[in-house]
Amino acid sequence: MPRYYTEEHEWIDVDGDVATVGITDFAQGQLGDIVFVEVPDTGAELAKGGDAAVVESVKAASDVYAPVDGVVTEGNGQLEEDPALVNSDPEGEGWFFRMTLADKSQLDGLMNAAAYKQFCDGL
Amino acid sequence: MSETEEMGEELAIATLPLDAWHRAKGARMVEFAGYHMPIQYEGIMAEHLWTRESAGLFDVSHMGQLVLSGDGVAEALETLVPGDISALKPGRMRYSLLLAEDGGILDDLMITNTGHSLYMVVNGAVKWDDIAHLREHLPDAVDMNLLDDQALLALQGPKAVEILTALGIRPEFDDIVPVDRLVFMQAGPYLWGEVRLGVSRSGYTGEDGFEISVPAEHVAALADALCANDAVRPIGLGARDSLRLEAGLPLYGHDLDPATDPVEGDLGFAISKRRREEANFPGAARILGHLADGAPRKRVGLTVEGKLPVREGARLFDGNREVGIVTSGGFAPSVGAPIAMGYVPRDHAAPGTALAAEVRGKRVPVAVAAMPFVPHRYVRKMGA
């Protein structure tokens, strides 16, 4: 299952026509202690680059953008009870939402793990 | 992902004496009040809780340290602040407010009588404005010096007193008590080896603790000596903000500003009895009127239902009617929930009043709450 990364520090796992989206370990480290996550409702239509979710650290609220166009199929309900999952397992249990892929060609503009690591090293 | 609340950028950001020290400790640096400052080291939550249970070391060298001296300095300063500065005894300090002509708050500050001068600590973000205001309004007979070669540290938390005592700091003069015998809002001159320190029992966390003025050339050594004790960890601005919010202490530029007078800001205690009787401080008519009849609006604490943080700028509603605004807010680590402070009309200021805050179009139930949210643990009296 290929994993892609955005310059906004989201990761996207693609499985057929469905993608799982979260924020990267680098992102959670930058944000610090996560105290609240607002995931999109099932059925919400997302446009690439548009607001999709909000993650709140002790310090500030940050937007999470949709990496591609699509429709939300599921939000991670566990984050409501345990937002710190984003700190402890950002690229696993701390996923944010799942969505359909309206246009797979949009994945072409994203980074793979090696390219994302290089991107973070340059920040 | 991008931060929706970024700190403003300014040209020519200055560095503080401990800049390299912070970076070596793994701090994440941000711009604040024109300086590079540590926002956090290991994490805001851990730093906050550590300060409440052990001791935290804060670098607040961005704040302005001023010394006013000359004949009649206390009386002169009283023309600009509402406190009874003439009655301030040597070694005592007082929280006060720099007031504009109309009674609006230009800054909040600490004033200490050193015995031969008044030592003041003012907010970093407005220190240049304060200096200009003071120079413009104080008579030429009053000398004002900015101690820009002094750093300022705060050691805060229940273990602060034992840690500072273990450092071997001794009073500079015979009539000065040892640091562990200072009480809240008392200060004095001390020696750490040959290094002269100004130490006060005060702070901005609600905990017992000390603030230490130290020559910039010695501050790294002092910070190292304090952090050599395992009970001490460096604490960033992030936890400083969450600690003071839990303690119910306002932050200038957020909870207080020139459009707000001391009564609206719930700081009536800073207007001394004698000054009320004499009614001779800036904005006295407005402020005394508000003291007598109540101000139209008041700074209050707010508890938040649920987990969604309610932050600065959130509008407050009573039903469909907009009644106020949040001026500070966030997750409170020691409370374990979001809290906030803000301004509401006086008929909405009673604890328990149910309101709603608007966050991203949603209404979050909040209730007016008495402050502090976490009890103060100041040491006000010495035991036998």
# chains A, B, ... in the order shown; residues from 1 in each chain; ligands from 1
$ closest_atom_pairs --of "chain A" --to "chain B" --cutoff "8 Å" --atoms "only C-alpha atoms" --output "tab-separated table"
residue	atom	partner	partner_atom	distance
A:Glu8	CA	B:Met1	CA	4.6
A:His9	CA	B:Met1	CA	6.3
A:Glu10	CA	B:Met1	CA	7.4
A:Gly32	CA	B:Gly43	CA	6.0
A:Asp33	CA	B:Met45	CA	6.5
A:Val35	CA	B:Phe331	CA	7.1
A:Phe36	CA	B:Leu308	CA	6.0
A:Glu56	CA	B:Pro309	CA	7.5
A:Val58	CA	B:Phe331	CA	5.4
A:Lys59	CA	B:Gly238	CA	6.5
A:Ala60	CA	B:Glu5	CA	6.2
A:Ala61	CA	B:Thr4	CA	6.1
A:Ser62	CA	B:Glu3	CA	4.5
A:Asp63	CA	B:Met1	CA	5.3
A:Val64	CA	B:Met1	CA	4.5
A:Tyr65	CA	B:Met1	CA	6.0
$ residues_around --residues "Leu46 (chain A)" --least-positions-apart "2" --cutoff "6 Å" --atoms "only C-alpha atoms" --output "list in words"
Asp69, Gly70 and Val71 of chain A
$ write_last_selection --atoms "C-alpha atoms" --output "CSV table (one decimal), in the first residue's frame"
chain,number,residue,atom,x,y,z
A,69,ASP,CA,-10.4,15.7,-3.9
A,70,GLY,CA,-12.9,13.2,-2.5
A,71,VAL,CA,-15.7,12.4,-0.1
$ select_by_dssp --residues "region 8-111 of chain A" --states "alpha helix (DSSP H)" --output "VMD selection string"
chain A and resid 25 to 31 78 to 81 85 to 88
$ closest_atom_pairs --of "region 183-216 of chain B" --to "region 243-257 of chain B" --cutoff "10 Å" --atoms "only C-alpha atoms" --output "tab-separated table"
residue	atom	partner	partner_atom	distance
B:Gly203	CA	B:Arg244	CA	9.3
B:Tyr204	CA	B:Arg244	CA	5.6
B:Thr205	CA	B:Arg244	CA	4.7
B:Gly206	CA	B:Ala247	CA	5.0
B:Glu207	CA	B:Ala247	CA	8.5
$ write_last_selection --atoms "C-alpha atoms" --output "PDB file, in the first residue's frame"
ATOM      1  CA  GLY B 203       6.086  35.374  39.983  1.00  0.00           C
ATOM      2  CA  TYR B 204       3.479  34.796  37.333  1.00  0.00           C
ATOM      3  CA  THR B 205       2.433  31.178  37.837  1.00  0.00           C
ATOM      4  CA  GLY B 206       0.366  31.217  41.043  1.00  0.00           C
ATOM      5  CA  GLU B 207       3.064  29.093  42.681  1.00  0.00           C
TER       6      GLU B 207
END
$ residues_around --residues "Pro365 (chain B)" --least-positions-apart "3" --cutoff "10 Å" --atoms "only C-alpha atoms" --output "compact mmCIF listing (two decimals) with all heavy atoms, in the first residue's frame"
# COMPACT_ATOMS: atom_id res chain seq x y z
N LEU B 302 -13.71 31.77 32.67
CA LEU B 302 -14.72 30.94 32.02
C LEU B 302 -14.28 29.48 32.04
O LEU B 302 -13.15 29.16 31.65
CB LEU B 302 -14.89 31.38 30.54
CG LEU B 302 -15.38 32.81 30.30
CD1 LEU B 302 -15.09 33.23 28.87
CD2 LEU B 302 -16.87 32.92 30.61
N THR B 303 -15.16 28.62 32.52
CA THR B 303 -14.93 27.19 32.34
C THR B 303 -15.61 26.77 31.05
O THR B 303 -16.60 27.38 30.62
CB THR B 303 -15.48 26.36 33.51
OG1 THR B 303 -16.85 26.73 33.73
CG2 THR B 303 -14.70 26.63 34.80
N VAL B 304 -15.09 25.75 30.42
CA VAL B 304 -15.55 25.33 29.10
C VAL B 304 -16.07 23.90 29.18
O VAL B 304 -15.39 23.03 29.72
CB VAL B 304 -14.40 25.42 28.07
CG1 VAL B 304 -14.86 24.95 26.70
CG2 VAL B 304 -13.85 26.84 28.01
N GLU B 305 -17.26 23.67 28.64
CA GLU B 305 -17.80 22.32 28.61
C GLU B 305 -17.19 21.56 27.44
O GLU B 305 -17.11 22.10 26.32
CB GLU B 305 -19.33 22.42 28.45
CG GLU B 305 -20.08 21.17 28.85
CD GLU B 305 -21.58 21.39 28.73
OE1 GLU B 305 -22.10 22.31 29.39
OE2 GLU B 305 -22.21 20.64 27.97
N GLY B 306 -16.77 20.33 27.67
CA GLY B 306 -16.18 19.55 26.59
C GLY B 306 -14.69 19.81 26.47
O GLY B 306 -14.07 20.35 27.38
N LEU B 316 -18.56 35.80 22.65
CA LEU B 316 -19.40 35.18 23.69
C LEU B 316 -20.85 35.58 23.48
O LEU B 316 -21.15 36.75 23.19
CB LEU B 316 -18.93 35.63 25.08
CG LEU B 316 -17.54 35.12 25.49
CD1 LEU B 316 -17.05 35.86 26.73
CD2 LEU B 316 -17.59 33.61 25.74
N PHE B 317 -21.75 34.61 23.62
CA PHE B 317 -23.17 34.84 23.38
C PHE B 317 -24.01 34.45 24.59
O PHE B 317 -23.71 33.48 25.28
CB PHE B 317 -23.63 34.01 22.17
CG PHE B 317 -23.07 34.51 20.87
CD1 PHE B 317 -21.81 34.11 20.45
CD2 PHE B 317 -23.79 35.39 20.08
CE1 PHE B 317 -21.28 34.58 19.25
CE2 PHE B 317 -23.27 35.86 18.89
CZ PHE B 317 -22.01 35.45 18.48
N ALA B 354 -24.36 31.14 32.55
CA ALA B 354 -24.16 30.27 31.38
C ALA B 354 -24.12 31.11 30.11
O ALA B 354 -25.00 31.94 29.87
CB ALA B 354 -25.28 29.24 31.30
N LEU B 355 -23.08 30.91 29.31
CA LEU B 355 -22.91 31.61 28.04
C LEU B 355 -22.46 30.58 27.00
O LEU B 355 -22.27 29.40 27.32
CB LEU B 355 -21.86 32.71 28.17
CG LEU B 355 -22.14 33.84 29.18
CD1 LEU B 355 -20.89 34.68 29.38
CD2 LEU B 355 -23.30 34.70 28.68
N ALA B 356 -22.30 31.04 25.75
CA ALA B 356 -21.74 30.17 24.73
C ALA B 356 -20.64 30.94 24.02
O ALA B 356 -20.75 32.14 23.79
CB ALA B 356 -22.81 29.74 23.74
N ALA B 357 -19.55 30.23 23.70
CA ALA B 357 -18.46 30.82 22.93
C ALA B 357 -18.54 30.27 21.50
O ALA B 357 -18.87 29.10 21.31
CB ALA B 357 -17.12 30.47 23.55
N GLU B 358 -18.25 31.13 20.54
CA GLU B 358 -18.31 30.68 19.15
C GLU B 358 -16.91 30.29 18.67
O GLU B 358 -15.99 31.11 18.68
CB GLU B 358 -18.87 31.78 18.25
CG GLU B 358 -19.19 31.29 16.87
CD GLU B 358 -19.84 32.38 16.03
OE1 GLU B 358 -19.08 33.19 15.45
OE2 GLU B 358 -21.07 32.45 15.99
N LYS B 362 -19.27 27.03 15.60
CA LYS B 362 -20.01 26.20 16.57
C LYS B 362 -20.15 26.93 17.89
O LYS B 362 -19.29 27.70 18.28
CB LYS B 362 -19.26 24.89 16.81
CG LYS B 362 -19.45 23.87 15.72
CD LYS B 362 -19.11 22.47 16.20
CE LYS B 362 -17.64 22.16 16.13
NZ LYS B 362 -17.14 21.75 14.83
$ closest_residue --among "A:Ile23, A:Ala44, A:Leu123, A:Val55" --to "Pro83 (chain A)" --atoms "only C-alpha atoms"
A:Val55
$ closest_residue --among "B:Pro234, B:Ser334, B:Ser200, B:Val183" --to "Thr114 (chain B)" --atoms "only C-alpha atoms"
B:Ser200
$ atom_distance --atom1 "CA of Pro67 (chain A)" --atom2 "CA of Ala52 (chain A)"
9.0 Å
$ residues_around --residues "Tyr190 (chain B)" --least-positions-apart "4" --cutoff "6 Å" --atoms "only C-alpha atoms" --output "number ranges by chain"
B: 170-172, 196-197
$ write_last_selection --atoms "N, CA, C and O atoms" --output "compact mmCIF listing (two decimals), in the first residue's frame"
# COMPACT_ATOMS: atom_id res chain seq x y z
N ARG B 170 23.44 34.55 49.73
CA ARG B 170 23.41 35.18 51.05
C ARG B 170 23.02 36.65 50.94
O ARG B 170 23.28 37.29 49.91
N PRO B 171 22.40 37.17 51.98
CA PRO B 171 22.00 38.58 51.95
C PRO B 171 23.22 39.48 51.81
O PRO B 171 24.29 39.19 52.35
N GLU B 172 23.07 40.58 51.05
CA GLU B 172 24.19 41.49 50.86
C GLU B 172 24.44 42.33 52.12
O GLU B 172 25.57 42.72 52.38
N ARG B 196 26.16 40.00 42.32
CA ARG B 196 25.04 40.67 42.99
C ARG B 196 23.73 40.30 42.30
O ARG B 196 23.62 40.36 41.07
N LEU B 197 22.75 39.92 43.10
CA LEU B 197 21.43 39.54 42.59
C LEU B 197 20.36 40.39 43.27
O LEU B 197 20.47 40.70 44.46
$ residues_around --residues "Trp128 (chain B)" --least-positions-apart "5" --cutoff "12 Å" --atoms "only C-alpha atoms" --output "PyMOL selection string"
chain B and resi 33-34+62-66+106-107+122-123+133-135+146+148
$ closest_residue --among "A:Val54, A:Met111, A:Val39, A:Val86" --to "Thr24 (chain A)" --atoms "only C-alpha atoms"
A:Val86
$ atom_distance --atom1 "CA of Asp230 (chain B)" --atom2 "CA of Thr51 (chain B)"
12.6 Å
$ atom_distance --atom1 "CA of Arg181 (chain B)" --atom2 "CA of Gly91 (chain B)"
12.4 Å
